[in-house]
$ cat data.txt   # compact mmCIF, C-alpha atoms
# COMPACT_ATOMS: atom_id res chain seq x y z
CA MET A 717 -42.00 -55.56 -76.70
CA PHE A 718 -44.26 -53.84 -79.21
CA GLU A 719 -42.76 -50.41 -78.45
CA ARG A 720 -39.35 -51.90 -79.23
CA TYR A 721 -40.54 -52.92 -82.69
CA ALA A 722 -42.00 -49.46 -83.32
CA LEU A 723 -38.71 -47.82 -82.38
CA ARG A 724 -36.79 -50.27 -84.54
CA LEU A 725 -38.97 -49.32 -87.50
CA ARG A 726 -38.37 -45.59 -87.05
CA PHE A 727 -34.61 -46.10 -86.83
CA ALA A 728 -34.69 -48.41 -89.86
CA ILE A 729 -36.42 -45.78 -91.94
CA LEU A 730 -34.09 -42.99 -90.87
CA ALA A 731 -30.89 -45.02 -90.96
CA GLY A 732 -31.71 -46.92 -94.12
CA LEU A 733 -32.83 -44.13 -96.42
CA VAL A 734 -30.16 -41.46 -96.04
CA PRO A 735 -27.04 -43.55 -96.81
CA GLY A 736 -28.78 -45.04 -99.83
CA ILE A 737 -29.70 -41.64 -101.25
CA LEU A 738 -26.13 -40.46 -100.80
CA LEU A 739 -24.93 -43.59 -102.57
CA GLY A 740 -27.29 -42.92 -105.46
CA LEU A 741 -26.24 -39.29 -105.74
CA ALA A 742 -22.60 -40.38 -105.73
CA GLY A 743 -23.30 -42.25 -108.93
CA TYR A 744 -24.10 -39.05 -110.78
CA ALA A 745 -20.91 -37.47 -109.49
CA VAL A 746 -18.78 -40.10 -111.15
CA GLY A 747 -20.49 -39.69 -114.46
CA GLY A 748 -23.01 -42.54 -114.43
CA ASP A 749 -26.18 -42.42 -116.50
CA ALA A 750 -28.13 -39.48 -115.08
CA HIS A 751 -31.48 -40.91 -116.20
CA PRO A 752 -31.30 -44.69 -115.94
CA LYS A 753 -34.26 -46.88 -116.80
CA VAL A 754 -35.28 -49.06 -113.87
CA ALA A 755 -38.00 -51.69 -114.21
CA PHE A 756 -40.19 -52.49 -111.20
CA LEU A 757 -42.11 -55.71 -111.79
CA LEU A 758 -44.59 -56.85 -109.15
CA LYS A 759 -46.30 -60.22 -109.16
CA THR A 760 -49.73 -58.71 -108.44
CA MET A 761 -51.75 -55.71 -107.34
CA GLN A 762 -54.30 -57.97 -105.62
CA GLU A 763 -53.58 -56.83 -102.06
CA GLU A 764 -54.02 -53.17 -101.16
CA ARG A 765 -50.40 -52.91 -99.96
CA TYR A 766 -49.13 -53.01 -103.55
CA VAL A 767 -50.43 -49.52 -104.30
CA LEU A 768 -48.00 -48.32 -101.66
CA ASP A 769 -45.13 -50.49 -102.99
CA ARG A 770 -45.49 -48.91 -106.40
CA ARG A 771 -45.85 -45.35 -105.12
CA GLU A 772 -42.94 -45.43 -102.68
CA PHE A 773 -40.58 -47.15 -105.12
CA THR A 774 -41.45 -44.77 -107.96
CA GLU A 775 -41.14 -41.63 -105.84
CA VAL A 776 -37.65 -42.48 -104.59
CA ALA A 777 -36.37 -43.75 -107.94
CA GLU A 778 -37.61 -40.63 -109.74
CA LYS A 779 -36.11 -38.35 -107.10
CA LEU A 780 -32.80 -40.05 -107.81
CA GLY A 781 -33.22 -39.28 -111.52
CA ALA A 782 -34.44 -42.64 -112.80
CA GLN A 783 -37.24 -43.46 -115.19
CA VAL A 784 -39.43 -46.26 -113.83
CA LEU A 785 -40.92 -48.93 -116.08
CA PHE A 786 -43.71 -50.57 -114.06
CA ALA A 787 -45.75 -53.72 -114.64
CA SER A 788 -47.79 -56.15 -112.56
CA ALA A 789 -48.35 -59.74 -113.67
CA GLY A 790 -51.64 -60.48 -111.91
CA ASN A 791 -50.10 -63.64 -110.43
CA ASP A 792 -49.68 -64.98 -113.98
CA GLU A 793 -46.27 -66.55 -114.63
CA GLU A 794 -46.55 -66.39 -118.43
CA ARG A 795 -47.52 -62.74 -118.26
CA GLN A 796 -44.48 -61.96 -116.12
CA ILE A 797 -42.20 -63.58 -118.69
CA GLN A 798 -43.68 -61.26 -121.32
CA GLU A 799 -43.21 -58.25 -119.05
CA VAL A 800 -39.53 -59.05 -118.53
CA GLU A 801 -39.08 -59.35 -122.30
CA GLU A 802 -40.87 -56.02 -122.82
CA VAL A 803 -38.81 -54.01 -120.31
CA LEU A 804 -35.61 -55.44 -121.76
CA GLN A 805 -36.75 -54.26 -125.19
CA GLU A 806 -37.53 -50.83 -123.70
CA GLY A 807 -33.95 -50.55 -122.47
CA ALA A 808 -34.23 -51.30 -118.76
CA GLN A 809 -30.78 -51.18 -117.19
CA VAL A 810 -31.84 -52.86 -113.94
CA ILE A 811 -34.89 -54.97 -113.11
CA VAL A 812 -36.40 -55.13 -109.64
CA LEU A 813 -38.42 -58.34 -109.66
CA GLN A 814 -41.03 -59.80 -107.35
CA PRO A 815 -41.43 -63.24 -108.94
CA VAL A 816 -44.79 -64.91 -109.49
CA ASN A 817 -43.09 -68.29 -109.26
CA THR A 818 -40.04 -68.25 -107.01
CA GLY A 819 -39.05 -71.71 -108.17
CA THR A 820 -38.68 -70.87 -111.87
CA ALA A 821 -37.86 -67.15 -111.91
CA GLY A 822 -34.14 -67.86 -112.17
CA ALA A 823 -34.76 -68.23 -115.92
CA LEU A 824 -35.95 -64.61 -116.03
CA VAL A 825 -32.76 -63.48 -114.30
CA ALA A 826 -30.67 -65.49 -116.74
CA MET A 827 -32.53 -63.85 -119.64
CA ALA A 828 -31.80 -60.39 -118.26
CA ASN A 829 -28.18 -61.18 -117.35
CA ALA A 830 -27.56 -62.40 -120.91
CA LYS A 831 -28.35 -58.85 -122.04
CA GLY A 832 -26.10 -57.29 -119.41
CA VAL A 833 -29.03 -56.34 -117.14
CA ARG A 834 -28.79 -57.13 -113.46
CA VAL A 835 -31.80 -58.19 -111.39
CA ILE A 836 -32.60 -57.25 -107.80
CA GLY A 837 -35.15 -59.49 -106.11
CA TYR A 838 -38.01 -57.81 -104.29
CA ASP A 839 -39.96 -59.15 -101.31
CA SER A 840 -39.90 -62.84 -102.40
CA MET A 841 -36.53 -64.49 -103.06
CA LEU A 842 -36.39 -66.80 -106.06
CA THR A 843 -34.85 -70.19 -105.36
CA ASN A 844 -32.23 -72.33 -107.05
CA GLY A 845 -31.38 -69.77 -109.70
CA PRO A 846 -29.14 -66.77 -110.37
CA LEU A 847 -29.91 -63.46 -108.63
CA ASP A 848 -27.76 -60.34 -108.30
CA GLY A 849 -29.20 -58.86 -105.10
CA MET A 850 -32.23 -58.97 -102.84
CA VAL A 851 -34.31 -56.57 -100.76
CA MET A 852 -36.96 -58.23 -98.61
CA GLN A 853 -38.86 -58.02 -95.38
CA ASP A 854 -38.07 -60.28 -92.46
CA SER A 855 -40.45 -63.02 -93.56
CA TRP A 856 -38.97 -65.50 -91.07
CA GLU A 857 -39.89 -63.15 -88.21
CA VAL A 858 -43.52 -63.00 -89.41
CA GLY A 859 -44.15 -66.64 -88.54
CA ARG A 860 -42.28 -66.35 -85.27
CA LEU A 861 -44.37 -63.37 -84.16
CA GLN A 862 -47.60 -65.10 -85.18
CA SER A 863 -46.57 -68.23 -83.29
CA GLU A 864 -45.52 -66.32 -80.18
CA ALA A 865 -48.92 -64.61 -80.12
CA LEU A 866 -50.69 -67.96 -80.50
CA VAL A 867 -48.72 -69.49 -77.62
CA ALA A 868 -49.70 -66.56 -75.38
CA TRP A 869 -53.35 -66.85 -76.50
CA LEU A 870 -53.51 -70.56 -75.72
CA LYS A 871 -52.00 -69.99 -72.27
CA ARG A 872 -54.61 -67.33 -71.52
CA LYS A 873 -57.49 -69.49 -72.75
CA TYR A 874 -56.51 -72.95 -71.52
CA GLY A 875 -53.73 -72.35 -69.02
CA ARG A 876 -51.34 -74.36 -71.18
CA VAL A 877 -50.02 -74.48 -74.75
CA ALA A 878 -52.44 -76.95 -76.30
CA GLY A 879 -54.98 -76.74 -79.11
CA ASN A 880 -55.81 -77.39 -82.75
CA LEU A 881 -54.11 -75.28 -85.43
CA VAL A 882 -54.54 -74.78 -89.18
CA LEU A 883 -51.78 -73.17 -91.25
CA ILE A 884 -53.11 -71.21 -94.24
CA MET A 885 -50.28 -70.71 -96.72
CA GLY A 886 -49.93 -68.70 -99.91
CA GLN A 887 -48.84 -69.77 -103.39
CA PRO A 888 -47.66 -73.42 -103.52
CA GLY A 889 -43.85 -73.54 -103.43
CA ASP A 890 -43.48 -69.79 -102.87
CA SER A 891 -40.29 -69.09 -100.92
CA ASN A 892 -41.89 -66.21 -99.03
CA ALA A 893 -44.79 -68.39 -97.91
CA GLN A 894 -42.32 -71.04 -96.79
CA ALA A 895 -40.20 -68.50 -94.89
CA MET A 896 -43.24 -67.06 -93.09
CA SER A 897 -44.44 -70.55 -92.22
CA SER A 898 -41.06 -71.62 -90.83
CA GLY A 899 -41.76 -69.94 -87.50
CA VAL A 900 -44.90 -72.04 -87.16
CA TRP A 901 -42.98 -75.26 -87.71
CA GLU A 902 -40.46 -74.18 -85.08
CA MET A 903 -43.25 -73.49 -82.58
CA LEU A 904 -44.88 -76.86 -83.28
CA ALA A 905 -41.60 -78.67 -82.62
CA LYS A 906 -41.39 -77.05 -79.19
CA ASN A 907 -45.06 -77.51 -78.29
CA PRO A 908 -46.21 -81.06 -79.06
CA ASP A 909 -49.68 -80.45 -77.57
CA VAL A 910 -50.46 -78.01 -80.38
CA LYS A 911 -51.85 -80.25 -83.11
CA LEU A 912 -51.50 -79.16 -86.73
CA LEU A 913 -54.73 -80.30 -88.34
CA ALA A 914 -53.81 -79.06 -91.82
CA ALA A 915 -51.29 -76.93 -93.72
CA ARG A 916 -52.78 -75.81 -97.02
CA SER A 917 -51.34 -73.71 -99.85
CA HIS A 918 -53.52 -71.47 -102.01
CA ILE A 919 -52.90 -70.62 -105.65
CA ALA A 920 -52.51 -66.88 -106.28
CA TRP A 921 -52.87 -66.27 -102.52
CA SER A 922 -56.63 -66.36 -103.05
CA PRO A 923 -58.82 -65.15 -100.15
CA ASP A 924 -61.79 -66.99 -101.67
CA ALA A 925 -59.82 -70.24 -101.72
CA ALA A 926 -58.77 -69.66 -98.10
CA ARG A 927 -62.41 -69.21 -97.17
CA GLU A 928 -63.29 -72.50 -98.87
CA THR A 929 -60.44 -74.25 -97.05
CA ALA A 930 -61.60 -72.91 -93.70
CA GLU A 931 -65.23 -73.85 -94.41
CA SER A 932 -64.22 -77.40 -95.30
CA LEU A 933 -62.02 -77.85 -92.24
CA LEU A 934 -64.59 -76.36 -89.86
CA ARG A 935 -67.10 -78.92 -91.15
CA LYS A 936 -64.59 -81.76 -90.92
CA TYR A 937 -63.58 -80.96 -87.35
CA ARG A 938 -67.02 -79.75 -86.24
CA ASP A 939 -65.72 -76.28 -85.41
CA HIS A 940 -63.10 -77.67 -83.01
CA ILE A 941 -60.30 -75.49 -84.39
CA ASP A 942 -58.59 -73.08 -82.04
CA ALA A 943 -56.41 -71.15 -84.46
CA PHE A 944 -55.66 -70.22 -88.05
CA ILE A 945 -52.24 -68.76 -88.86
CA CYS A 946 -52.27 -67.16 -92.32
CA ASN A 947 -49.42 -65.98 -94.54
CA ASN A 948 -51.10 -62.69 -95.46
CA SER A 949 -54.03 -60.38 -94.79
CA GLY A 950 -56.14 -61.58 -97.69
CA LEU A 951 -55.94 -65.20 -96.58
CA ALA A 952 -56.85 -64.19 -93.01
CA PHE A 953 -59.83 -62.22 -94.31
CA GLY A 954 -61.07 -65.26 -96.20
CA VAL A 955 -60.79 -67.40 -93.07
CA ILE A 956 -62.73 -64.85 -91.03
CA GLN A 957 -65.59 -64.92 -93.54
CA ALA A 958 -65.87 -68.67 -92.95
CA LEU A 959 -65.76 -68.14 -89.18
CA ARG A 960 -68.55 -65.55 -89.40
CA ASP A 961 -70.83 -68.15 -90.94
CA GLU A 962 -70.27 -70.35 -87.86
CA GLY A 963 -70.60 -67.56 -85.32
CA LEU A 964 -66.90 -67.93 -84.47
CA ALA A 965 -65.50 -64.63 -85.76
CA ASP A 966 -64.33 -63.52 -82.33
CA ALA A 967 -60.73 -63.30 -81.14
CA THR A 968 -61.71 -64.83 -77.79
CA LYS A 969 -63.09 -67.91 -79.56
CA VAL A 970 -60.68 -68.52 -82.46
CA PHE A 971 -57.18 -67.09 -82.91
CA VAL A 972 -56.55 -65.68 -86.40
CA ALA A 973 -53.25 -64.12 -87.47
CA GLY A 974 -52.44 -62.49 -90.80
CA ALA A 975 -49.68 -60.36 -92.29
CA ASP A 976 -49.46 -57.22 -94.48
CA ALA A 977 -51.75 -54.99 -92.36
CA ASP A 978 -54.47 -54.36 -94.94
CA LEU A 979 -56.91 -51.77 -93.60
CA ARG A 980 -59.86 -54.17 -93.40
CA ASN A 981 -57.77 -56.57 -91.29
CA ILE A 982 -56.56 -53.83 -88.96
CA ARG A 983 -60.22 -52.88 -88.48
CA LEU A 984 -60.96 -56.51 -87.60
CA VAL A 985 -58.15 -56.43 -85.04
CA ALA A 986 -59.60 -53.23 -83.57
CA GLU A 987 -63.04 -54.85 -83.39
CA GLY A 988 -61.71 -57.88 -81.52
CA VAL A 989 -62.43 -60.23 -84.42
CA GLN A 990 -58.86 -60.94 -85.55
CA SER A 991 -56.15 -61.56 -82.96
CA LEU A 992 -53.01 -60.36 -84.74
CA GLU A 993 -51.71 -58.73 -87.90
CA VAL A 994 -48.01 -58.50 -88.64
CA TRP A 995 -47.28 -55.15 -90.25
CA LYS A 996 -44.63 -55.47 -92.93
CA PRO A 997 -43.83 -51.76 -93.49
CA ILE A 998 -43.62 -51.03 -97.20
CA LYS A 999 -41.84 -47.69 -97.06
CA PRO A 1000 -38.38 -48.94 -95.98
CA LEU A 1001 -38.69 -51.95 -98.30
CA ALA A 1002 -39.65 -50.03 -101.43
CA GLU A 1003 -37.34 -47.10 -100.75
CA LYS A 1004 -34.32 -49.33 -100.19
CA ALA A 1005 -35.09 -51.34 -103.34
CA ALA A 1006 -35.29 -48.12 -105.37
CA GLU A 1007 -32.00 -46.85 -103.96
CA VAL A 1008 -30.21 -50.11 -104.72
CA ALA A 1009 -31.65 -50.27 -108.23
CA VAL A 1010 -30.55 -46.76 -109.12
CA ALA A 1011 -27.11 -47.29 -107.60
CA VAL A 1012 -26.66 -50.46 -109.65
CA ALA A 1013 -27.80 -48.64 -112.80
CA VAL A 1014 -25.35 -45.77 -112.39
CA HIS A 1015 -22.49 -48.09 -111.36
CA PRO A 1016 -22.85 -50.83 -113.99
CA ASP A 1017 -19.32 -52.15 -113.49
CA GLU A 1018 -19.39 -52.36 -109.69
CA PRO A 1019 -20.21 -55.60 -107.84
CA VAL A 1020 -23.78 -55.42 -106.56
CA ALA A 1021 -22.69 -56.36 -103.04
CA LYS A 1022 -20.53 -53.23 -102.90
CA LEU A 1023 -23.57 -51.12 -103.73
CA MET A 1024 -25.63 -52.63 -100.90
CA PRO A 1025 -24.03 -51.49 -97.61
CA GLY A 1026 -25.36 -53.45 -94.67
CA ALA A 1027 -26.37 -56.45 -96.77
CA SER A 1028 -25.72 -60.01 -95.63
CA LEU A 1029 -25.29 -63.08 -97.82
CA ARG A 1030 -28.28 -65.46 -97.92
CA SER A 1031 -28.34 -68.65 -99.93
CA ASN A 1032 -31.24 -69.21 -102.30
CA GLY A 1033 -30.19 -72.81 -102.86
CA ARG A 1034 -27.87 -72.00 -105.75
CA VAL A 1035 -26.04 -68.77 -105.00
CA ASP A 1036 -25.29 -66.57 -101.99
CA VAL A 1037 -27.29 -63.40 -102.59
CA PRO A 1038 -26.42 -60.00 -101.07
CA THR A 1039 -29.60 -59.33 -99.12
CA ILE A 1040 -31.04 -56.39 -97.20
CA VAL A 1041 -33.80 -57.32 -94.74
CA THR A 1042 -36.31 -54.76 -93.42
CA PRO A 1043 -38.25 -55.12 -90.14
CA VAL A 1044 -41.77 -56.35 -89.40
CA ILE A 1045 -44.01 -55.33 -86.48
CA PRO A 1046 -46.81 -57.17 -84.62
CA VAL A 1047 -50.13 -55.35 -84.29
CA THR A 1048 -52.75 -56.23 -81.68
CA LYS A 1049 -55.87 -54.43 -80.50
CA GLU A 1050 -53.81 -52.92 -77.68
CA THR A 1051 -50.96 -51.69 -79.89
CA ILE A 1052 -52.78 -50.20 -82.88
CA ASP A 1053 -52.08 -46.65 -81.69
CA SER A 1054 -48.36 -47.25 -81.14
CA THR A 1055 -47.79 -49.11 -84.41
CA VAL A 1056 -49.82 -48.50 -87.57
CA ILE A 1057 -51.21 -45.13 -86.42
CA ALA A 1058 -47.96 -43.81 -84.92
CA GLY A 1059 -46.13 -45.09 -88.00
CA GLY A 1060 -48.46 -43.17 -90.34
CA LEU A 1061 -49.91 -46.17 -92.16
CA PHE A 1062 -53.50 -45.34 -91.21
CA THR A 1063 -55.28 -42.59 -89.29
CA ARG A 1064 -57.43 -43.24 -86.26
CA GLU A 1065 -60.48 -42.23 -88.28
CA GLN A 1066 -59.69 -44.77 -90.99
CA ILE A 1067 -59.56 -47.57 -88.45
CA PHE A 1068 -62.16 -46.62 -85.86
CA GLY A 1069 -64.41 -44.23 -87.79
CA LYS A 1070 -65.27 -40.62 -87.01
CA SER A 1071 -66.78 -41.39 -83.63
CA ARG A 1072 -63.40 -41.98 -81.99

$ encode --input "data.txt" --output "C-alpha cells"
Amino acid sequence: MFERYALRLRFAILAGLVPGILLGLAGYAVGGDAHPKVAFLLKTMQEERYVLDRREFTEVAEKLGAQVLFASAGNDEERQIQEVEEVLQEGAQVIVLQPVNTGTAGALVAMANAKGVRVIGYDSMLTNGPLDGMVMQDSWEVGRLQSEALVAWLKRKYGRVAGNLVLIMGQPGDSNAQAMSSGVWEMLAKNPDVKLLAARSHIAWSPDAARETAESLLRKYRDHIDAFICNNSGLAFGVIQALRDEGLADATKVFVAGADADLRNIRLVAEGVQSLEVWKPIKPLAEKAAEVAVAVAVHPDEPVAKLMPGASLRSNGRVDVPTIVTPVIPVTKETIDSTVIAGGLFTREQIFGKSR
C-alpha cells in the first residue's frame, strides 16, 4: 500500500507541474502581463514545513516571470487583514491566501475582489464566503490514513478494535482541522469499541497547548489512553513530551499519529516513539498554487476554473470552488526509506544520523 502512495506522489509531481508551466507560458504568448505581482500570504511560519512552502512557491512563480509579495501572519487574524491591505496597495494582481481564520476570511476575498483582484485559497479552504479557486492537500485522506493505522495497531495489540482514543485538533473552527478529523469520526462510527475520551482544539495549533492537554488527560484517566491522533506534527510532538514524562513515549505502548512530516517527528517514527506521520508533500502543492496564480494573473479575463485543468468543484458552504487536491502519504518506521527519503524530503543521515 505504501509503495502505491509513493508512486502516486511521483506521478503527481511529474504530471501536475508540466501542464501548469505550459499554461503559464501560454499567458505570455497572448500578451499578458510579463511580470505580474503575485502575493503569497501564509498564516504562519511556526512549523518547519512553511520554509519549504515559501521556497517552492517563490521559485516556480519567479521562473514563470512573476514578482512574489510574501507575508506570514503569525497566526494573527488582525495581522493578516493588514497584510492583505498592504499587498493590494502594492499592486498585487492575484493573492494566494492561507487563512488564519477559515470562518471569516471570506471578508478578505471580498476586499480583494472589490479591487478586481482574484484570490486562490492555499492549503486551508475558507468557509461560507467567496473564493475564486483552491489548491490544497487531501486533508480528508489524512484522517483516514491515521485511523486505518490505529485500527491495525489495536488489532495487533489487543486482537480486536477496542481502546481509548484522544483526538488532538488544531485551530478551533479551522476547516483543515475539521477535514483531517473527519476520517477519525468515520472510523469511530464503524468501531463502537473505540471510545473517544476527548476531542480538543488548540489555538494557533500550539504544541505547548497540546502537551498541556495530554498531561491533563493522562492524569484524569490515569494513563489509560491507548492513542492520540493529532492534526499536525507540532501537536503530536507536544503530546509525546507529555508521554515521556509518564514513561509512555513508545509506539508499542501508546499510538501517536501526526501530519506534516516535520523532521523531529520523522526521527521519532524512526526511533519507535511515534507510530505514524502523514507526509503532506509541499512541492506539488506549492508548485501548483504558483502555476495557477501566475496563469490567473496573465489571463485576468478568463474564468479561474478554465485556468485550473483537472480541478473539481468543492463547496465551501457558500460557493462551489474549483479545487485542485494534491496527495498525502503515510510514513511508518518500515516505510521511511520508500517515502520521505526516496521522495527527497530528508536524507538518511538527517533522520538516522551519520552512523547509518

$ atom_distance --input "data.txt" --atom1 "CA of Val816 (chain A)" --atom2 "CA of Gly845 (chain A)"
14.3 Å

$ residues_around --input "data.txt" --residues "region 1023-1026 of chain A" --least-positions-apart "6" --cutoff "7 Å" --atoms "all atoms listed in the file" --output "ChimeraX atom specification"
/A:1008,1011-1012,1040

$ atom_distance --input "data.txt" --atom1 "CA of Gln798 (chain A)" --atom2 "CA of Thr760 (chain A)"
14.5 Å

$ closest_residue --input "data.txt" --among "A:Val955, A:Ala1013, A:Ile998, A:Leu813" --to "Ser922 (chain A)" --atoms "all atoms listed in the file"
A:Val955

$ residues_around --input "data.txt" --residues "region 944-950 of chain A" --least-positions-apart "5" --cutoff "7 Å" --atoms "only C-alpha atoms" --output "list in words"
Glu763, Gln862, Leu881, Val882, Leu883, Ile884, Met885, Gly886, Ala893, Met896, Pro923, Phe971, Val972, Ala973, Gly974, Ala975, Asp976, Ala977, Asp978 and Asn981 of chain A

$ write_last_selection --input "data.txt" --atoms "C-alpha atoms" --output "compact mmCIF listing (two decimals), in the frame of the given file"
# COMPACT_ATOMS: atom_id res chain seq x y z
CA GLU A 763 -53.58 -56.83 -102.06
CA GLN A 862 -47.60 -65.10 -85.18
CA LEU A 881 -54.11 -75.28 -85.43
CA VAL A 882 -54.54 -74.78 -89.18
CA LEU A 883 -51.78 -73.17 -91.25
CA ILE A 884 -53.11 -71.21 -94.24
CA MET A 885 -50.28 -70.71 -96.72
CA GLY A 886 -49.93 -68.70 -99.91
CA ALA A 893 -44.79 -68.39 -97.91
CA MET A 896 -43.24 -67.06 -93.09
CA PRO A 923 -58.82 -65.15 -100.15
CA PHE A 971 -57.18 -67.09 -82.91
CA VAL A 972 -56.55 -65.68 -86.40
CA ALA A 973 -53.25 -64.12 -87.47
CA GLY A 974 -52.44 -62.49 -90.80
CA ALA A 975 -49.68 -60.36 -92.29
CA ASP A 976 -49.46 -57.22 -94.48
CA ALA A 977 -51.75 -54.99 -92.36
CA ASP A 978 -54.47 -54.36 -94.94
CA ASN A 981 -57.77 -56.57 -91.29

$ closest_residue --input "data.txt" --among "A:Ser917, A:Ser788, A:Ser855, A:Asn844" --to "Val1041 (chain A)" --atoms "all atoms listed in the file"
A:Ser855
